[in-house]
$ cat input00.txt   # compact mmCIF, C-alpha atoms and all ligand atoms
# COMPACT_ATOMS: atom_id res chain seq x y z
CA MET A 1 -26.03 61.89 88.31
CA ALA A 2 -22.97 64.06 87.79
CA SER A 3 -21.31 65.26 90.95
CA GLU A 4 -20.37 68.85 91.46
CA LEU A 5 -17.05 70.32 92.47
CA THR A 6 -17.04 73.68 94.20
CA ILE A 7 -13.90 75.77 94.42
CA ASN A 8 -13.61 78.25 97.24
CA ILE A 9 -11.16 81.09 96.92
CA SER A 10 -10.84 83.58 99.71
CA ILE A 11 -9.23 86.92 99.00
CA ASP A 12 -8.13 89.45 101.59
CA VAL A 13 -9.74 92.80 100.91
CA LEU A 14 -7.54 95.47 102.45
CA ALA A 15 -7.96 99.17 102.99
CA PRO A 16 -4.79 101.13 102.13
CA GLU A 17 -3.85 101.47 105.80
CA GLU A 18 -4.07 97.71 106.22
CA LEU A 19 -1.20 97.01 103.82
CA ASN A 20 1.99 96.01 105.58
CA GLU A 21 5.21 97.91 104.92
CA ARG A 22 6.41 95.53 102.23
CA GLU A 23 3.06 95.54 100.44
CA ARG A 24 2.88 99.30 100.58
CA LYS A 25 6.35 99.65 99.07
CA ALA A 26 5.61 97.04 96.41
CA MET A 27 2.37 98.77 95.41
CA GLN A 28 4.18 102.12 95.33
CA LEU A 29 6.84 100.66 93.02
CA ALA A 30 4.14 99.14 90.81
CA GLN A 31 2.51 102.56 90.55
CA GLN A 32 5.84 104.16 89.61
CA ALA A 33 6.45 101.39 87.10
CA ALA A 34 3.07 102.07 85.49
CA SER A 35 4.16 105.64 84.84
CA ASP A 36 7.19 104.27 82.94
CA ALA A 37 5.05 102.03 80.72
CA TYR A 38 5.66 102.22 76.99
CA ALA A 39 2.02 102.19 75.93
CA PRO A 40 1.58 104.67 73.06
CA TYR A 41 -1.18 102.58 71.46
CA SER A 42 -3.51 101.71 74.33
CA ASN A 43 -2.52 104.52 76.72
CA PHE A 44 -3.28 101.93 79.38
CA LEU A 45 -0.37 101.98 81.82
CA VAL A 46 0.28 98.83 83.83
CA GLY A 47 2.92 98.40 86.53
CA ALA A 48 4.09 95.31 88.35
CA ALA A 49 6.52 94.90 91.22
CA LEU A 50 8.07 91.74 92.64
CA VAL A 51 9.59 91.44 96.08
CA LEU A 52 12.32 88.83 96.57
CA GLU A 53 13.15 87.03 99.81
CA ASP A 54 15.94 89.46 100.70
CA GLY A 55 13.68 92.47 100.05
CA THR A 56 15.09 93.21 96.59
CA MET A 57 12.36 94.57 94.35
CA PHE A 58 11.91 94.23 90.62
CA LYS A 59 9.56 96.31 88.53
CA GLY A 60 8.03 95.92 85.10
CA SER A 61 5.67 97.86 82.88
CA ASN A 62 3.82 97.02 79.69
CA GLN A 63 5.91 97.41 76.55
CA GLU A 64 3.84 97.89 73.43
CA ASN A 65 4.84 97.60 69.80
CA ALA A 66 3.57 98.88 66.45
CA ALA A 67 3.18 95.19 65.61
CA TYR A 68 0.66 94.83 68.45
CA PRO A 69 1.17 91.16 69.42
CA SER A 70 4.90 91.75 69.82
CA GLY A 71 4.27 93.81 72.95
CA LEU A 72 4.39 92.39 76.46
CA CYS A 73 2.37 92.91 79.63
CA ALA A 74 3.85 94.50 82.74
CA GLU A 75 3.62 91.31 84.81
CA ARG A 76 5.59 89.24 82.35
CA THR A 77 8.12 92.01 81.78
CA ALA A 78 8.81 92.02 85.54
CA LEU A 79 8.78 88.23 85.92
CA PHE A 80 11.10 87.55 83.00
CA ALA A 81 13.50 90.30 84.08
CA PHE A 82 13.52 88.82 87.58
CA SER A 83 14.16 85.28 86.37
CA ALA A 84 16.88 86.41 83.97
CA HIS A 85 18.72 88.23 86.76
CA HIS A 86 17.96 86.00 89.75
CA PRO A 87 17.33 82.49 88.39
CA ASN A 88 17.64 80.83 91.80
CA GLU A 89 15.75 83.19 94.06
CA GLN A 90 12.25 83.08 95.41
CA ILE A 91 9.49 85.60 94.88
CA GLU A 92 7.84 86.67 98.13
CA MET A 93 5.02 88.63 96.57
CA LEU A 94 3.83 90.40 93.45
CA ALA A 95 1.90 93.68 93.17
CA VAL A 96 0.07 94.92 90.07
CA THR A 97 -1.75 98.11 89.27
CA ALA A 98 -2.86 100.12 86.23
CA ARG A 99 -4.21 103.47 85.17
CA ARG A 100 -5.22 105.27 82.02
CA ARG A 101 -2.68 107.82 80.82
CA ASN A 102 -5.02 110.78 81.26
CA ASP A 103 -6.17 109.73 84.73
CA THR A 104 -4.09 109.73 87.89
CA ASN A 105 -6.40 107.25 89.67
CA PHE A 106 -5.31 103.65 89.70
CA LEU A 107 -7.81 101.08 88.49
CA ALA A 108 -8.94 97.64 89.45
CA ALA A 109 -7.16 95.78 86.66
CA MET A 110 -6.85 92.02 86.78
CA PRO A 111 -3.85 90.22 85.24
CA CYS A 112 -4.56 88.64 81.87
CA GLY A 113 -4.63 84.89 81.38
CA ALA A 114 -1.18 84.70 79.79
CA CYS A 115 0.36 86.55 82.74
CA ARG A 116 -1.41 84.26 85.21
CA GLN A 117 0.08 81.30 83.36
CA VAL A 118 3.58 82.77 83.63
CA MET A 119 3.07 83.59 87.32
CA ALA A 120 1.95 79.99 87.82
CA GLU A 121 5.18 78.71 86.25
CA TYR A 122 7.35 80.55 88.77
CA GLU A 123 5.10 79.67 91.70
CA HIS A 124 5.35 76.02 90.73
CA LYS A 125 9.10 76.27 90.18
CA GLN A 126 9.76 77.72 93.62
CA GLY A 127 7.32 75.43 95.40
CA LYS A 128 6.06 78.28 97.55
CA ALA A 129 2.93 80.37 97.13
CA ILE A 130 3.33 83.82 95.65
CA PRO A 131 0.73 86.19 97.13
CA VAL A 132 -0.58 88.63 94.51
CA LEU A 133 -1.69 92.09 95.56
CA LEU A 134 -3.98 93.86 93.12
CA GLN A 135 -5.62 97.21 93.03
CA GLY A 136 -9.23 96.42 93.81
CA PRO A 137 -12.40 98.46 93.33
CA ASP A 138 -13.46 101.22 95.75
CA GLY A 139 -9.93 102.10 96.82
CA ASN A 140 -9.32 98.72 98.42
CA PHE A 141 -6.65 96.18 97.57
CA TYR A 142 -7.24 92.52 96.81
CA ARG A 143 -4.67 90.09 98.14
CA PHE A 144 -4.79 86.65 96.54
CA LYS A 145 -2.96 84.16 98.73
CA SER A 146 -1.38 82.42 95.76
CA VAL A 147 -1.26 82.41 91.97
CA ALA A 148 -3.14 79.10 92.12
CA ASP A 149 -6.11 81.09 93.46
CA LEU A 150 -5.94 83.31 90.37
CA LEU A 151 -5.54 80.33 88.06
CA PRO A 152 -7.21 77.15 89.27
CA PHE A 153 -6.90 73.99 87.19
CA GLN A 154 -3.68 75.24 85.73
CA PHE A 155 -1.51 73.60 83.16
CA ASN A 156 1.98 73.08 84.52
CA ARG A 157 4.96 70.73 84.26
CA GLU A 158 3.01 67.99 86.05
CA ASN A 159 0.76 67.79 83.00
CA LEU A 160 3.60 67.10 80.59
N1 LIG A 201 -1.69 94.65 79.98
C1 LIG A 201 -0.77 94.36 80.95
O1 LIG A 201 0.33 94.92 81.00
N2 LIG A 201 -1.10 93.40 81.85
C2 LIG A 201 -2.27 92.70 81.85
O2 LIG A 201 -2.44 91.80 82.66
C3 LIG A 201 -3.34 93.07 80.92
C4 LIG A 201 -2.99 94.03 79.87
C5 LIG A 201 -1.32 95.66 78.98
C6 LIG A 201 -1.13 95.10 77.60
C7 LIG A 201 -1.38 96.32 76.74
O3 LIG A 201 -0.16 97.03 76.64
C8 LIG A 201 -2.37 97.14 77.55
O4 LIG A 201 -2.34 96.62 78.87
C9 LIG A 201 -3.79 97.09 77.03
O5 LIG A 201 -4.22 95.78 76.89

$ encode --input "input00.txt" --output "structure tokens" --more "lines below"
Ligand code: THU
Amino acid sequence: MASELTINISIDVLAPEELNERERKAMQLAQQAASDAYAPYSNFLVGAALVLEDGTMFKGSNQENAAYPSGLCAERTALFAFSAHHPNEQIEMLAVTARRRNDTNFLAAMPCGACRQVMAEYEHKQGKAIPVLLQGPDGNFYRFKSVADLLPFQFNRENL
């Protein structure tokens, strides 16, 4: 008989007042970044913020294009900008949030598969988990302890 493999992923569910100072600032920057999104087609504004080891923060927002597939998500915009500017530094954490243009409330929006794959690349490269803080439902925040928790069974350089 086939055996079964169970994967357990535990996520910290945090009320706003339970965020630490760094998380609060990162989420604030992600919210600001969302407002800068160039999203004239979807009107869905996504913001991402990275915190580096020395506290430096990087933000990104989704950048859309009339040729739709040429656009890029907020997470990858932030990650590629970070890696282009700081190729040898480590990411301490990543925060992501989103809202619709005509609504000031931030939504529970989960990173797409392609962004998870790119996050996984940098997590693997630095050899240290990158916690990912997401806007969750009901005004709470979801803190994944690593990108691997968001993308189990990932394809990475070990598979090549
Ligand atoms: N989007 C992101 O920026 N990040 C994601 O993880 C999912 C989707 C953007 C892409 C597009 O500009 C808009 O949201 C609607 O899909």

$ residues_near_ligand --input "input00.txt" --ligand "ligand LIG 201 (chain A)" --cutoff "8 Å" --atoms "only C-alpha atoms and all ligand atoms" --output "ChimeraX atom specification"
/A:38-39,41-47,61-64,71-76,109-115

$ atom_distance --input "input00.txt" --atom1 "CA of Phe155 in chain A" --atom2 "CA of Glu121 in chain A"
9.0 Å

$ atom_distance --input "input00.txt" --atom1 "CA of Leu151 in chain A" --atom2 "CA of Arg116 in chain A"
6.4 Å

$ axis_aligned_box --input "input00.txt" --around "range 60-69 of chain A" --padding-each-side "3 Å" --output "JSON"
{"center_x": 4.3, "center_y": 95.0, "center_z": 75.4, "size_x": 13.4, "size_y": 13.7, "size_z": 25.5}

$ atom_distance --input "input00.txt" --atom1 "CA of Glu92 in chain A" --atom2 "CA of Ile11 in chain A"
17.1 Å

$ closest_residue --input "input00.txt" --among "A:Lys145, A:Arg22, A:Arg99, A:Arg157" --to "Ile9 in chain A" --atoms "only C-alpha atoms"
A:Lys145

$ residues_around --input "input00.txt" --residues "Lys25 in chain A" --least-positions-apart "2" --cutoff "12 Å" --atoms "all atoms listed in the file" --output "list of chain:residue names"
A:Pro16, A:Leu19, A:Asn20, A:Glu21, A:Arg22, A:Glu23, A:Met27, A:Gln28, A:Leu29, A:Ala30, A:Gln31, A:Gln32, A:Ala48, A:Ala49, A:Leu50, A:Val51, A:Gly55, A:Thr56, A:Met57, A:Phe58, A:Lys59, A:Met93, A:Leu94, A:Ala95, A:Val96, A:Leu133

$ residues_around --input "input00.txt" --residues "Pro152 in chain A" --least-positions-apart "4" --cutoff "10 Å" --atoms "only C-alpha atoms" --output "ChimeraX atom specification"
/A:7,9,120,147-148

$ closest_residue --input "input00.txt" --among "A:Ala98, A:Leu134, A:Met119, A:Leu150" --to "Ala34 in chain A" --atoms "only C-alpha atoms"
A:Ala98

$ closest_residue --input "input00.txt" --among "A:Thr97, A:Gln154, A:Asn105, A:Ser83" --to "Gln126 in chain A" --atoms "all atoms listed in the file"
A:Ser83

$ closest_residue --input "input00.txt" --among "A:Glu17, A:Ala78, A:Ile130, A:Asn102" --to "Glu53 in chain A" --atoms "all atoms listed in the file"
A:Ile130

$ residues_around --input "input00.txt" --residues "Asp12 in chain A" --least-positions-apart "5" --cutoff "8 Å" --atoms "only C-alpha atoms" --output "number ranges by chain"
A: 141-145

$ build_atoms --input "input00.txt" --residues "range 115-135 of chain A" --atoms "N, CA, C and O atoms" --output "CSV table (one decimal), keeping the file's coordinate frame"
chain,number,residue,atom,x,y,z
A,115,CYS,N,-0.5,86.2,81.6
A,115,CYS,CA,0.4,86.6,82.7
A,115,CYS,C,0.1,85.6,83.9
A,115,CYS,O,1.1,85.3,84.6
A,116,ARG,N,-1.1,85.2,84.1
A,116,ARG,CA,-1.4,84.3,85.2
A,116,ARG,C,-0.7,83.0,85.0
A,116,ARG,O,-0.2,82.3,85.9
A,117,GLN,N,-0.6,82.5,83.7
A,117,GLN,CA,0.1,81.3,83.4
A,117,GLN,C,1.6,81.4,83.7
A,117,GLN,O,2.2,80.5,84.2
A,118,VAL,N,2.2,82.6,83.4
A,118,VAL,CA,3.6,82.8,83.6
A,118,VAL,C,3.8,82.9,85.1
A,118,VAL,O,4.8,82.3,85.7
A,119,MET,N,2.9,83.6,85.8
A,119,MET,CA,3.1,83.6,87.3
A,119,MET,C,3.0,82.2,87.9
A,119,MET,O,3.8,81.8,88.8
A,120,ALA,N,2.1,81.4,87.3
A,120,ALA,CA,2.0,80.0,87.8
A,120,ALA,C,3.2,79.2,87.6
A,120,ALA,O,3.6,78.4,88.5
A,121,GLU,N,3.9,79.4,86.5
A,121,GLU,CA,5.2,78.7,86.2
A,121,GLU,C,6.2,79.0,87.4
A,121,GLU,O,6.8,78.0,87.9
A,122,TYR,N,6.3,80.2,87.7
A,122,TYR,CA,7.4,80.6,88.8
A,122,TYR,C,6.9,80.1,90.2
A,122,TYR,O,7.7,79.7,91.0
A,123,GLU,N,5.6,80.2,90.4
A,123,GLU,CA,5.1,79.7,91.7
A,123,GLU,C,5.4,78.2,91.8
A,123,GLU,O,5.8,77.7,92.9
A,124,HIS,N,5.1,77.5,90.7
A,124,HIS,CA,5.4,76.0,90.7
A,124,HIS,C,6.8,75.7,90.9
A,124,HIS,O,7.2,74.9,91.6
A,125,LYS,N,7.6,76.5,90.1
A,125,LYS,CA,9.1,76.3,90.2
A,125,LYS,C,9.6,76.4,91.6
A,125,LYS,O,10.4,75.6,92.1
A,126,GLN,N,9.2,77.5,92.3
A,126,GLN,CA,9.8,77.7,93.6
A,126,GLN,C,9.1,76.9,94.7
A,126,GLN,O,9.6,76.9,95.8
A,127,GLY,N,8.0,76.3,94.4
A,127,GLY,CA,7.3,75.4,95.4
A,127,GLY,C,6.8,76.2,96.6
A,127,GLY,O,6.6,75.6,97.7
A,128,LYS,N,6.6,77.5,96.4
A,128,LYS,CA,6.1,78.3,97.6
A,128,LYS,C,5.1,79.3,97.0
A,128,LYS,O,5.4,79.9,95.9
A,129,ALA,N,4.0,79.5,97.6
A,129,ALA,CA,2.9,80.4,97.1
A,129,ALA,C,3.5,81.8,96.9
A,129,ALA,O,4.2,82.3,97.8
A,130,ILE,N,3.0,82.4,95.9
A,130,ILE,CA,3.3,83.8,95.6
A,130,ILE,C,2.0,84.6,95.9
A,130,ILE,O,1.1,84.5,95.0
A,131,PRO,N,1.9,85.3,97.0
A,131,PRO,CA,0.7,86.2,97.1
A,131,PRO,C,0.7,87.3,96.1
A,131,PRO,O,1.8,87.8,95.7
A,132,VAL,N,-0.5,87.6,95.6
A,132,VAL,CA,-0.6,88.6,94.5
A,132,VAL,C,-1.5,89.7,95.0
A,132,VAL,O,-2.7,89.5,95.4
A,133,LEU,N,-0.9,90.9,95.1
A,133,LEU,CA,-1.7,92.1,95.6
A,133,LEU,C,-2.1,92.9,94.4
A,133,LEU,O,-1.3,93.4,93.6
A,134,LEU,N,-3.4,93.1,94.3
A,134,LEU,CA,-4.0,93.9,93.1
A,134,LEU,C,-4.8,95.1,93.6
A,134,LEU,O,-5.3,95.0,94.7
A,135,GLN,N,-4.8,96.1,92.8
A,135,GLN,CA,-5.6,97.2,93.0
A,135,GLN,C,-7.1,96.7,92.9
A,135,GLN,O,-7.4,96.1,91.9
